[in-house]
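Colleague: What follows is a structure written as structure tokens; I'll ask about it next.
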Amino acid sequence: MEKRGLKVVSDEGALTAAVDEAIAGNPAIADKIRGGKVAAAGALVGAVMKATRGQADAARVKELILEKLGVTEG
């Protein structure tokens with residue numbers, strides 16, 4: 001997969017930076033998530049996936065978003 005440029009971005013620093021940018025660029029969505037609408041995290045995951053050209057681990061990105069916003073799933 002690496003030969004085709006399909007390497008998954010799993011570097012925590014790069015993911016964290018992309019998550020921070022997505023949250024900063026979408027304050028209204030971040031507020032919805034903080035308010036309990038965890039499903040809205042999908043929009044931020046999408047923004048991170050776009051920023052990483054689809055190479056981020058979407059599950060990990062969602063975890064980071066929820067962590068940063070102080071939200072627990074469940």
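Naming scheme: A, B, ... for chains in displayed order of the structure tokens; residues 1 onward per chain; ligands 1 onward as shown.
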Run DSSP on the backbone and give me the residues of chain A it puts in helix (DSSP H, G or I), as JSON, numbers by chain.

Modeller: {"A": [2, 3, 4, 12, 13, 14, 15, 16, 17, 18, 19, 20, 21, 22, 23, 24, 25, 27, 28, 29, 30, 31, 32, 33, 34, 38, 39, 40, 41, 42, 43, 44, 45, 46, 47, 48, 49, 50, 51, 58, 59, 60, 61, 62, 63, 64, 65, 66, 67, 68]}

Colleague: Do you know which residues are at most 10 Å from Ile65 in chain A counting only C-alpha atoms, after dropping those on the same chain fewer than 3 positions away, and could you put them as a list in words?

Modeller: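 Using only C-alpha atoms, the neighbours found are Leu15, Thr16, Ala18, Val19, Asp20, Ala22, Ile23, Ala30, Ile33, Val38, Ala41, Gly42, Leu44, Val45, Val48, Arg60, Val61, Lys62, Lys68, Leu69, Gly70 and Val71 of chain A.
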
Colleague: Could you save the residues just selected, with N, CA, C and O atoms, as an mmCIF file, in the first residue's frame?

Modeller:
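So again.cif came out as:
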```cif
data_model
loop_
_atom_site.group_PDB
_atom_site.id
_atom_site.type_symbol
_atom_site.label_atom_id
_atom_site.label_comp_id
_atom_site.auth_asym_id
_atom_site.auth_seq_id
_atom_site.Cartn_x
_atom_site.Cartn_y
_atom_site.Cartn_z
ATOM 1 N N LEU A 15 -2.268 13.643 13.367
ATOM 2 C CA LEU A 15 -3.708 13.492 13.574
ATOM 3 C C LEU A 15 -4.234 14.549 14.539
ATOM 4 O O LEU A 15 -5.276 15.163 14.285
ATOM 5 N N THR A 16 -3.503 14.774 15.612
ATOM 6 C CA THR A 16 -3.925 15.760 16.602
ATOM 7 C C THR A 16 -3.993 17.156 15.975
ATOM 8 O O THR A 16 -4.949 17.896 16.213
ATOM 9 N N ALA A 18 -4.501 17.890 12.817
ATOM 10 C CA ALA A 18 -5.637 17.921 11.893
ATOM 11 C C ALA A 18 -6.952 18.017 12.661
ATOM 12 O O ALA A 18 -7.873 18.731 12.247
ATOM 13 N N VAL A 19 -7.052 17.316 13.786
ATOM 14 C CA VAL A 19 -8.258 17.364 14.620
ATOM 15 C C VAL A 19 -8.428 18.773 15.197
ATOM 16 O O VAL A 19 -9.532 19.337 15.166
ATOM 17 N N ASP A 20 -7.342 19.359 15.698
ATOM 18 C CA ASP A 20 -7.402 20.723 16.245
ATOM 19 C C ASP A 20 -7.887 21.708 15.195
ATOM 20 O O ASP A 20 -8.714 22.582 15.477
ATOM 21 N N ALA A 22 -9.716 21.026 12.523
ATOM 22 C CA ALA A 22 -11.122 20.752 12.205
ATOM 23 C C ALA A 22 -12.045 21.343 13.264
ATOM 24 O O ALA A 22 -13.076 21.939 12.943
ATOM 25 N N ILE A 23 -11.659 21.211 14.525
ATOM 26 C CA ILE A 23 -12.464 21.766 15.619
ATOM 27 C C ILE A 23 -12.474 23.291 15.540
ATOM 28 O O ILE A 23 -13.532 23.917 15.645
ATOM 29 N N ALA A 30 -18.551 21.684 16.789
ATOM 30 C CA ALA A 30 -17.914 21.319 18.059
ATOM 31 C C ALA A 30 -18.866 21.569 19.222
ATOM 32 O O ALA A 30 -18.960 20.743 20.144
ATOM 33 N N ILE A 33 -21.440 18.815 19.428
ATOM 34 C CA ILE A 33 -20.867 17.596 20.001
ATOM 35 C C ILE A 33 -20.767 17.737 21.514
ATOM 36 O O ILE A 33 -21.143 16.828 22.256
ATOM 37 N N VAL A 38 -23.253 13.460 19.601
ATOM 38 C CA VAL A 38 -22.015 12.788 19.213
ATOM 39 C C VAL A 38 -21.995 12.460 17.724
ATOM 40 O O VAL A 38 -20.936 12.457 17.099
ATOM 41 N N ALA A 41 -19.977 14.422 15.214
ATOM 42 C CA ALA A 41 -18.535 14.214 15.071
ATOM 43 C C ALA A 41 -18.188 13.748 13.665
ATOM 44 O O ALA A 41 -17.074 13.961 13.196
ATOM 45 N N GLY A 42 -19.137 13.131 12.993
ATOM 46 C CA GLY A 42 -18.905 12.667 11.625
ATOM 47 C C GLY A 42 -18.467 13.790 10.697
ATOM 48 O O GLY A 42 -17.631 13.591 9.813
ATOM 49 N N LEU A 44 -16.747 16.444 11.559
ATOM 50 C CA LEU A 44 -15.351 16.772 11.856
ATOM 51 C C LEU A 44 -14.422 15.661 11.373
ATOM 52 O O LEU A 44 -13.329 15.938 10.884
ATOM 53 N N VAL A 45 -14.870 14.411 11.501
ATOM 54 C CA VAL A 45 -14.074 13.298 10.968
ATOM 55 C C VAL A 45 -13.898 13.510 9.465
ATOM 56 O O VAL A 45 -12.802 13.353 8.927
ATOM 57 N N VAL A 48 -11.248 16.097 8.769
ATOM 58 C CA VAL A 48 -9.901 15.560 8.983
ATOM 59 C C VAL A 48 -9.525 14.623 7.832
ATOM 60 O O VAL A 48 -8.401 14.669 7.339
ATOM 61 N N ARG A 60 -9.785 6.374 14.926
ATOM 62 C CA ARG A 60 -8.885 7.086 15.847
ATOM 63 C C ARG A 60 -9.184 8.585 15.818
ATOM 64 O O ARG A 60 -9.142 9.257 16.846
ATOM 65 N N VAL A 61 -9.490 9.108 14.636
ATOM 66 C CA VAL A 61 -9.820 10.530 14.511
ATOM 67 C C VAL A 61 -11.043 10.849 15.364
ATOM 68 O O VAL A 61 -11.057 11.833 16.104
ATOM 69 N N LYS A 62 -12.066 9.996 15.300
ATOM 70 C CA LYS A 62 -13.276 10.232 16.090
ATOM 71 C C LYS A 62 -12.948 10.199 17.585
ATOM 72 O O LYS A 62 -13.422 11.039 18.346
ATOM 73 N N LYS A 68 -10.813 15.529 22.793
ATOM 74 C CA LYS A 68 -10.514 16.963 22.828
ATOM 75 C C LYS A 68 -11.713 17.793 23.285
ATOM 76 O O LYS A 68 -11.554 18.826 23.892
ATOM 77 N N LEU A 69 -12.910 17.300 22.951
ATOM 78 C CA LEU A 69 -14.117 18.040 23.310
ATOM 79 C C LEU A 69 -14.677 17.599 24.659
ATOM 80 O O LEU A 69 -15.711 18.094 25.109
ATOM 81 N N GLY A 70 -13.993 16.646 25.302
ATOM 82 C CA GLY A 70 -14.409 16.203 26.624
ATOM 83 C C GLY A 70 -15.712 15.420 26.627
ATOM 84 O O GLY A 70 -16.484 15.493 27.583
ATOM 85 N N VAL A 71 -15.960 14.683 25.555
ATOM 86 C CA VAL A 71 -17.208 13.928 25.419
ATOM 87 C C VAL A 71 -16.894 12.446 25.455
ATOM 88 O O VAL A 71 -15.925 11.995 24.837
#
```

Colleague: Rank A:Glu73, A:Ala43, A:Leu66, A:Gln55 by their smallest atom-to-atom distance to Gly25 in chain A, using only C-alpha atoms, and report the top residue only.

Modeller: A:Ala43

Colleague: Using only C-alpha atoms, which residue out of A:Glu67, A:Ala51, A:Ala40, A:Ala56 lies closest to Pro27 in chain A?

Modeller: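 So, comparing all the options, the nearest one is A:Ala40.
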